[in-house]
Structure formats: structure tokens, C-alpha cells
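Enquirer: The structure that follows is given in the form of C-alpha cells.
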Amino acid sequence: MGRRLVISDIHGCSKTLNALLQKINFTENDTLYFLGDYIDRGPDSSGVLDILINLKENYPSVFPLSGNHEYQMLKAEKEYNDASFYYFVKNLARSKDLLNKKRKLRKKYLKFMKSLAYFAELDDYFLVHAGFDFRKKYPFNDAVGMLNIRTFKYDKKKAKNKTIIVGHSPTYYKKIQKQIKAKKKIIYLDNGCVYTKPHRLYDYKKLGKLCCYNLDTKELTCQKNIDI
Ligand SMILES: [Mn+2]
């Protein structure tokens, strides 16, 4: 039996992702889930998408989910005019490398981002970028909630008593370990790999790693950021 592995927010850190894939020794026998937020902030959004597109093409057991950054990029591409779209990508998202010479999203990235599911349900887990707003009648149809919610209350019935693995909210390394050890029903896996410098909200010394969680052995393997 292969492993079931989950990797959270990569944010343009392609070297760090490659190093983590090496470290976990990913093979075709493994099932690998990604929790979204592949692009923006870091230096190489296109490089991260290239890795994921390549993985997905070569391994049927790789499942990338959408994050709020992919969702926002698609929304901007659809709704903004040319000038404001370029401003958004260059200055706000900071992922100009996703564009072609005409300042449009490159087709392969557009196609990939459009293909992303919002959550995955396994026998014993739900995987989702941010979480579920269980106050809603249909939390699994609520894209905005699944991609953006910060804290949410676990609902045993709606979650079918399954453990929920989320990214999105930078979580200190020790806290990630604690949640796993305590067998929490919600596990925040994002150690904010792009936060490698002093930050107004976070203690960056407790962040800066890209983590991979093994859903069966509960083992956590992390790679320190090597992109920035
Ligand atoms: Mn996010």
C-alpha cells in the first residue's frame, strides 16, 4: 500500500517544493494531495504550477485542490479589464511570471487552475484549503467559505466524524505538532513557508517551512524555505 500524503500552501516557492518532494521520496505508489495556494508572494509561481502540472500528467494519484489565490486569479482574469488585471497580477499577486507577452494568463496555467476541485473527501478525512463553514446548510457547496474561512467550529455530524486537514492560516510549527499529537479533528498544516522575514502579524522564526503530512502514520516532514 502506498502512502497518503498532504502538502499545504507553496506560494511560489518551487525550490522548496522540489526539496520537500525529494525529502519525502515521492513515488508513483503514493497518493499526494495539495491544499492550494500554489501561486503569489514567492518568487516562482509559474515554476510551482509547472511542477504540479507535470506531476498530475505523470501520476494519476496526484490531486491538487484550489486555494483562494487560484480562485482570485481566475476571478480577476474573468472580471478585470486588461490594465487592472495586469496591475493586480504584477503588484498585488506578484506573480507576473504567470503571464504571456500579451499580459494574459498563459493557457496551461489557466486550464490547470480551472481544473482544481475545492475539497476532497476520503474514507476518514476531508481535505480543503481553508475549512468549512458548518453554520451553512451546504458547506460543501460554499466555495468562498472553503477557500477563505479562518477559524471554524467542527461539526461532527456534517463532517461525518472525519478529520479535516486545512492550510491557509499560517500556524506555528509547534502548534502543528501539538494538534497532530492531540488527534485534533481539525489540523492546520500551513507553516507559512513564505514567511521567512520579520512580519507584523507573525513570529517568522516559528514559520517558514513547507510541510507534508502522512495521513496514515501521522508523520510530519518539513522543508525549510530555500527560495527566499
Ligand atoms: Mn490561502
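Letters A, B, ... mark the chains of the C-alpha cells in the order given; residue numbers begin at 1 per chain; ligand numbers begin at 1, in order shown.
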Skipping near chain neighbours, those fewer than 4 positions away, what residues fall within 8 Å of Lys185 in chain A using only C-alpha atoms, listed as number ranges by chain?

Expert: A: 154, 161-164

Enquirer: Go ahead and dump the residues you just picked, N, CA and C atoms, as a PDB file, in the first residue's frame.

Expert:
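To be explicit, this is the file written out as selection.pdb:
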```pdb
ATOM      1  N   TYR A 154     -15.904  22.702  14.496  1.00  0.00           N
ATOM      2  CA  TYR A 154     -16.093  21.351  13.964  1.00  0.00           C
ATOM      3  C   TYR A 154     -17.540  20.902  14.185  1.00  0.00           C
ATOM      4  N   ASN A 161     -17.734  12.816  11.318  1.00  0.00           N
ATOM      5  CA  ASN A 161     -16.706  12.415  12.286  1.00  0.00           C
ATOM      6  C   ASN A 161     -15.312  12.243  11.665  1.00  0.00           C
ATOM      7  N   LYS A 162     -15.125  12.777  10.450  1.00  0.00           N
ATOM      8  CA  LYS A 162     -13.821  12.664   9.789  1.00  0.00           C
ATOM      9  C   LYS A 162     -12.910  13.806  10.227  1.00  0.00           C
ATOM     10  N   THR A 163     -11.619  13.577  10.149  1.00  0.00           N
ATOM     11  CA  THR A 163     -10.644  14.623  10.467  1.00  0.00           C
ATOM     12  C   THR A 163     -10.493  15.541   9.258  1.00  0.00           C
ATOM     13  N   ILE A 164     -10.402  16.843   9.522  1.00  0.00           N
ATOM     14  CA  ILE A 164     -10.284  17.824   8.440  1.00  0.00           C
ATOM     15  C   ILE A 164      -8.867  18.387   8.424  1.00  0.00           C
TER      16      ILE A 164
END
```

Enquirer: To check your reading of the model: which residues sit at most 8 Å from ligand 1 when counting only C-alpha atoms and all ligand atoms? Write the answer as a PyMOL selection string.

Expert: chain A and resi 9+36-37+67-69+129-130+147-148+167-169

Enquirer: Store the residues of this selection in a file with N, CA and C atoms, as a CSV table (one decimal), in the first residue's frame.

Expert:
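Saved to out-v4.csv:
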```csv
chain,number,residue,atom,x,y,z
A,9,ASP,N,0.2,25.1,1.6
A,9,ASP,CA,0.5,26.3,0.8
A,9,ASP,C,1.9,26.5,0.4
A,36,GLY,N,-3.7,23.7,-2.1
A,36,GLY,CA,-3.9,25.0,-2.8
A,36,GLY,C,-3.0,26.1,-2.4
A,37,ASP,N,-3.2,27.3,-3.0
A,37,ASP,CA,-2.3,28.5,-2.8
A,37,ASP,C,-0.9,28.1,-3.3
A,67,GLY,N,-6.8,26.9,-3.9
A,67,GLY,CA,-6.7,27.8,-2.8
A,67,GLY,C,-7.4,29.1,-3.2
A,68,ASN,N,-7.5,30.0,-2.2
A,68,ASN,CA,-8.1,31.3,-2.5
A,68,ASN,C,-7.3,32.1,-3.5
A,69,HIS,N,-6.0,31.9,-3.6
A,69,HIS,CA,-5.2,32.6,-4.6
A,69,HIS,C,-5.5,32.2,-6.0
A,129,HIS,N,-8.7,23.8,1.4
A,129,HIS,CA,-7.8,24.8,1.6
A,129,HIS,C,-7.9,25.5,2.9
A,130,ALA,N,-9.1,26.1,3.2
A,130,ALA,CA,-9.2,26.9,4.5
A,130,ALA,C,-10.1,26.2,5.5
A,147,LEU,N,-12.5,28.3,0.8
A,147,LEU,CA,-11.2,28.8,0.4
A,147,LEU,C,-10.7,30.0,1.3
A,148,ASN,N,-11.6,30.5,2.1
A,148,ASN,CA,-11.2,31.7,2.9
A,148,ASN,C,-11.4,31.7,4.4
A,167,GLY,N,-5.1,24.1,5.1
A,167,GLY,CA,-3.9,25.0,5.0
A,167,GLY,C,-4.4,26.4,5.3
A,168,HIS,N,-3.9,27.4,4.5
A,168,HIS,CA,-4.4,28.8,4.5
A,168,HIS,C,-4.0,29.7,5.7
A,169,SER,N,-4.1,29.2,6.9
A,169,SER,CA,-3.8,30.0,8.1
A,169,SER,C,-2.4,29.6,8.6
```

Enquirer: Which one of A:Cys211, A:Leu21, A:Ala159, A:Met73 sits closest to Asp123 in chain A if you count only C-alpha atoms?

Expert: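 The shortest atom-to-atom distance to Asp123 in chain A comes from A:Ala159.
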
Enquirer: When you look at Asp133 in chain A with a cut-off of 7 Å (counting only C-alpha atoms), what residues show up, excluding the ones that are within fewer than 4 positions of it in the same chain? I need them as a PyMOL selection string.

Expert: chain A and resi 139+145+152

Enquirer: Assign secondary structure with DSSP using the backbone only, and return the residues of range 96-183 of chain A in strand (DSSP E) as a PDB file with all heavy atoms, in the first residue's frame.

Expert:
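Once written, states.pdb looks like this:
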```
ATOM      1  N   PHE A 119     -12.493  20.662  -2.601  1.00  0.00           N
ATOM      2  CA  PHE A 119     -12.189  19.809  -1.449  1.00  0.00           C
ATOM      3  C   PHE A 119     -12.113  18.360  -1.900  1.00  0.00           C
ATOM      4  O   PHE A 119     -12.520  18.029  -3.020  1.00  0.00           O
ATOM      5  CB  PHE A 119     -13.254  19.976  -0.348  1.00  0.00           C
ATOM      6  CG  PHE A 119     -14.578  19.332  -0.658  1.00  0.00           C
ATOM      7  CD1 PHE A 119     -14.873  18.056  -0.197  1.00  0.00           C
ATOM      8  CD2 PHE A 119     -15.529  19.998  -1.422  1.00  0.00           C
ATOM      9  CE1 PHE A 119     -16.091  17.458  -0.484  1.00  0.00           C
ATOM     10  CE2 PHE A 119     -16.755  19.407  -1.708  1.00  0.00           C
ATOM     11  CZ  PHE A 119     -17.035  18.137  -1.242  1.00  0.00           C
ATOM     12  N   ALA A 120     -11.555  17.512  -1.048  1.00  0.00           N
ATOM     13  CA  ALA A 120     -11.521  16.076  -1.305  1.00  0.00           C
ATOM     14  C   ALA A 120     -12.060  15.363  -0.078  1.00  0.00           C
ATOM     15  O   ALA A 120     -11.775  15.764   1.051  1.00  0.00           O
ATOM     16  CB  ALA A 120     -10.094  15.623  -1.596  1.00  0.00           C
ATOM     17  N   GLU A 121     -12.872  14.352  -0.327  1.00  0.00           N
ATOM     18  CA  GLU A 121     -13.383  13.538   0.780  1.00  0.00           C
ATOM     19  C   GLU A 121     -12.821  12.130   0.670  1.00  0.00           C
ATOM     20  O   GLU A 121     -12.991  11.454  -0.340  1.00  0.00           O
ATOM     21  CB  GLU A 121     -14.924  13.498   0.749  1.00  0.00           C
ATOM     22  CG  GLU A 121     -15.467  12.670   1.897  1.00  0.00           C
ATOM     23  CD  GLU A 121     -16.994  12.630   1.965  1.00  0.00           C
ATOM     24  OE1 GLU A 121     -17.660  13.208   1.085  1.00  0.00           O
ATOM     25  OE2 GLU A 121     -17.501  12.005   2.920  1.00  0.00           O
ATOM     26  N   TYR A 125     -11.028  11.283   6.079  1.00  0.00           N
ATOM     27  CA  TYR A 125     -10.578  12.685   6.096  1.00  0.00           C
ATOM     28  C   TYR A 125     -11.362  13.544   5.115  1.00  0.00           C
ATOM     29  O   TYR A 125     -11.821  13.050   4.078  1.00  0.00           O
ATOM     30  CB  TYR A 125      -9.111  12.785   5.663  1.00  0.00           C
ATOM     31  CG  TYR A 125      -8.101  12.309   6.677  1.00  0.00           C
ATOM     32  CD1 TYR A 125      -7.592  11.009   6.605  1.00  0.00           C
ATOM     33  CD2 TYR A 125      -7.635  13.155   7.677  1.00  0.00           C
ATOM     34  CE1 TYR A 125      -6.640  10.567   7.515  1.00  0.00           C
ATOM     35  CE2 TYR A 125      -6.687  12.716   8.594  1.00  0.00           C
ATOM     36  CZ  TYR A 125      -6.196  11.424   8.511  1.00  0.00           C
ATOM     37  OH  TYR A 125      -5.259  11.002   9.418  1.00  0.00           O
ATOM     38  N   PHE A 126     -11.442  14.833   5.437  1.00  0.00           N
ATOM     39  CA  PHE A 126     -11.756  15.862   4.444  1.00  0.00           C
ATOM     40  C   PHE A 126     -10.501  16.703   4.271  1.00  0.00           C
ATOM     41  O   PHE A 126      -9.841  17.043   5.258  1.00  0.00           O
ATOM     42  CB  PHE A 126     -12.891  16.780   4.930  1.00  0.00           C
ATOM     43  CG  PHE A 126     -14.258  16.213   4.724  1.00  0.00           C
ATOM     44  CD1 PHE A 126     -14.970  15.698   5.794  1.00  0.00           C
ATOM     45  CD2 PHE A 126     -14.842  16.197   3.463  1.00  0.00           C
ATOM     46  CE1 PHE A 126     -16.246  15.165   5.614  1.00  0.00           C
ATOM     47  CE2 PHE A 126     -16.114  15.672   3.270  1.00  0.00           C
ATOM     48  CZ  PHE A 126     -16.819  15.154   4.351  1.00  0.00           C
ATOM     49  N   LEU A 127     -10.188  17.046   3.036  1.00  0.00           N
ATOM     50  CA  LEU A 127      -9.056  17.921   2.749  1.00  0.00           C
ATOM     51  C   LEU A 127      -9.601  19.157   2.051  1.00  0.00           C
ATOM     52  O   LEU A 127     -10.377  19.054   1.099  1.00  0.00           O
ATOM     53  CB  LEU A 127      -8.058  17.216   1.832  1.00  0.00           C
ATOM     54  CG  LEU A 127      -7.640  15.800   2.236  1.00  0.00           C
ATOM     55  CD1 LEU A 127      -6.713  15.206   1.194  1.00  0.00           C
ATOM     56  CD2 LEU A 127      -6.959  15.797   3.598  1.00  0.00           C
ATOM     57  N   VAL A 128      -9.189  20.331   2.527  1.00  0.00           N
ATOM     58  CA  VAL A 128      -9.726  21.574   1.968  1.00  0.00           C
ATOM     59  C   VAL A 128      -8.744  22.706   2.261  1.00  0.00           C
ATOM     60  O   VAL A 128      -8.002  22.643   3.242  1.00  0.00           O
ATOM     61  CB  VAL A 128     -11.126  21.857   2.565  1.00  0.00           C
ATOM     62  CG1 VAL A 128     -11.071  22.106   4.067  1.00  0.00           C
ATOM     63  CG2 VAL A 128     -11.828  23.008   1.853  1.00  0.00           C
ATOM     64  N   THR A 163     -11.619  13.577  10.149  1.00  0.00           N
ATOM     65  CA  THR A 163     -10.644  14.623  10.467  1.00  0.00           C
ATOM     66  C   THR A 163     -10.493  15.541   9.258  1.00  0.00           C
ATOM     67  O   THR A 163     -10.484  15.069   8.121  1.00  0.00           O
ATOM     68  CB  THR A 163      -9.289  13.991  10.834  1.00  0.00           C
ATOM     69  OG1 THR A 163      -9.487  13.149  11.971  1.00  0.00           O
ATOM     70  CG2 THR A 163      -8.244  15.059  11.169  1.00  0.00           C
ATOM     71  N   ILE A 164     -10.402  16.843   9.522  1.00  0.00           N
ATOM     72  CA  ILE A 164     -10.284  17.824   8.440  1.00  0.00           C
ATOM     73  C   ILE A 164      -8.867  18.387   8.424  1.00  0.00           C
ATOM     74  O   ILE A 164      -8.370  18.868   9.449  1.00  0.00           O
ATOM     75  CB  ILE A 164     -11.299  18.967   8.645  1.00  0.00           C
ATOM     76  CG1 ILE A 164     -12.730  18.403   8.734  1.00  0.00           C
ATOM     77  CG2 ILE A 164     -11.194  19.991   7.510  1.00  0.00           C
ATOM     78  CD1 ILE A 164     -13.769  19.426   9.176  1.00  0.00           C
ATOM     79  N   ILE A 165      -8.220  18.310   7.269  1.00  0.00           N
ATOM     80  CA  ILE A 165      -6.868  18.864   7.126  1.00  0.00           C
ATOM     81  C   ILE A 165      -6.977  20.136   6.293  1.00  0.00           C
ATOM     82  O   ILE A 165      -7.502  20.104   5.174  1.00  0.00           O
ATOM     83  CB  ILE A 165      -5.909  17.888   6.407  1.00  0.00           C
ATOM     84  CG1 ILE A 165      -5.993  16.478   6.984  1.00  0.00           C
ATOM     85  CG2 ILE A 165      -4.473  18.422   6.443  1.00  0.00           C
ATOM     86  CD1 ILE A 165      -5.367  16.282   8.320  1.00  0.00           C
ATOM     87  N   VAL A 166      -6.484  21.245   6.833  1.00  0.00           N
ATOM     88  CA  VAL A 166      -6.559  22.523   6.126  1.00  0.00           C
ATOM     89  C   VAL A 166      -5.196  23.213   6.050  1.00  0.00           C
ATOM     90  O   VAL A 166      -4.284  22.916   6.829  1.00  0.00           O
ATOM     91  CB  VAL A 166      -7.571  23.488   6.803  1.00  0.00           C
ATOM     92  CG1 VAL A 166      -8.946  22.855   6.930  1.00  0.00           C
ATOM     93  CG2 VAL A 166      -7.084  23.959   8.161  1.00  0.00           C
TER      94      VAL A 166
END
```

Enquirer: Just want the 12 Å neighbourhood of Lys101 in chain A, counted on only C-alpha atoms, with same-chain residues fewer than 5 positions away dropped. Output as a ChimeraX atom specification.

Expert: /A:86,96,106

Enquirer: Write out as a list of chain:residue names the set of residues from range 129-195 of chain A that DSSP, computed on the backbone, places in alpha helix (DSSP H).

Expert: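 Checking each residue of range 129-195 of chain A, the alpha helix (DSSP H) ones are A:Ala143, A:Val144, A:Gly145, A:Met146, A:Leu147, A:Asn148, A:Tyr173, A:Lys174, A:Lys175, A:Ile176, A:Gln177, A:Lys178, A:Gln179, A:Ile180, A:Lys181.
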
Enquirer: Work out how far apart CA of Asp40 in chain A and CA of Ser14 in chain A are and give it in Å to one decimal.

Expert: 11.6 Å

Enquirer: Name all residues at most 8 Å from Leu220 in chain A (count only C-alpha atoms; drop same-chain ones fewer than 5 positions away) and give them as a list of chain:residue names.

Expert: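 The filter keeps A:Gln177, A:Cys211, A:Cys212, A:Tyr213, A:Asn214.
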
Enquirer: Nearest to Leu49 in chain A: which of A:Lys102, A:Lys75, A:Lys111, A:Lys175 is it, counting only C-alpha atoms?

Expert: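 Comparing A:Lys102, A:Lys75, A:Lys111, A:Lys175 against Leu49 in chain A, the winner is A:Lys111.
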
Enquirer: If we count only C-alpha atoms, what is near range 115-118 of chain A at a cut-off of 6 Å, once residues fewer than 3 positions away on the same chain are taken out, given as a ChimeraX atom specification?

Expert: /A:65-66,112

Enquirer: Hey, what's within 6 Å of range 188-198 of chain A if we count only C-alpha atoms and toss same-chain stuff fewer than 2 positions away? As a VMD selection string, please?

Expert: chain A and resid 8 166 to 167 170 to 172 204 207 to 210 225
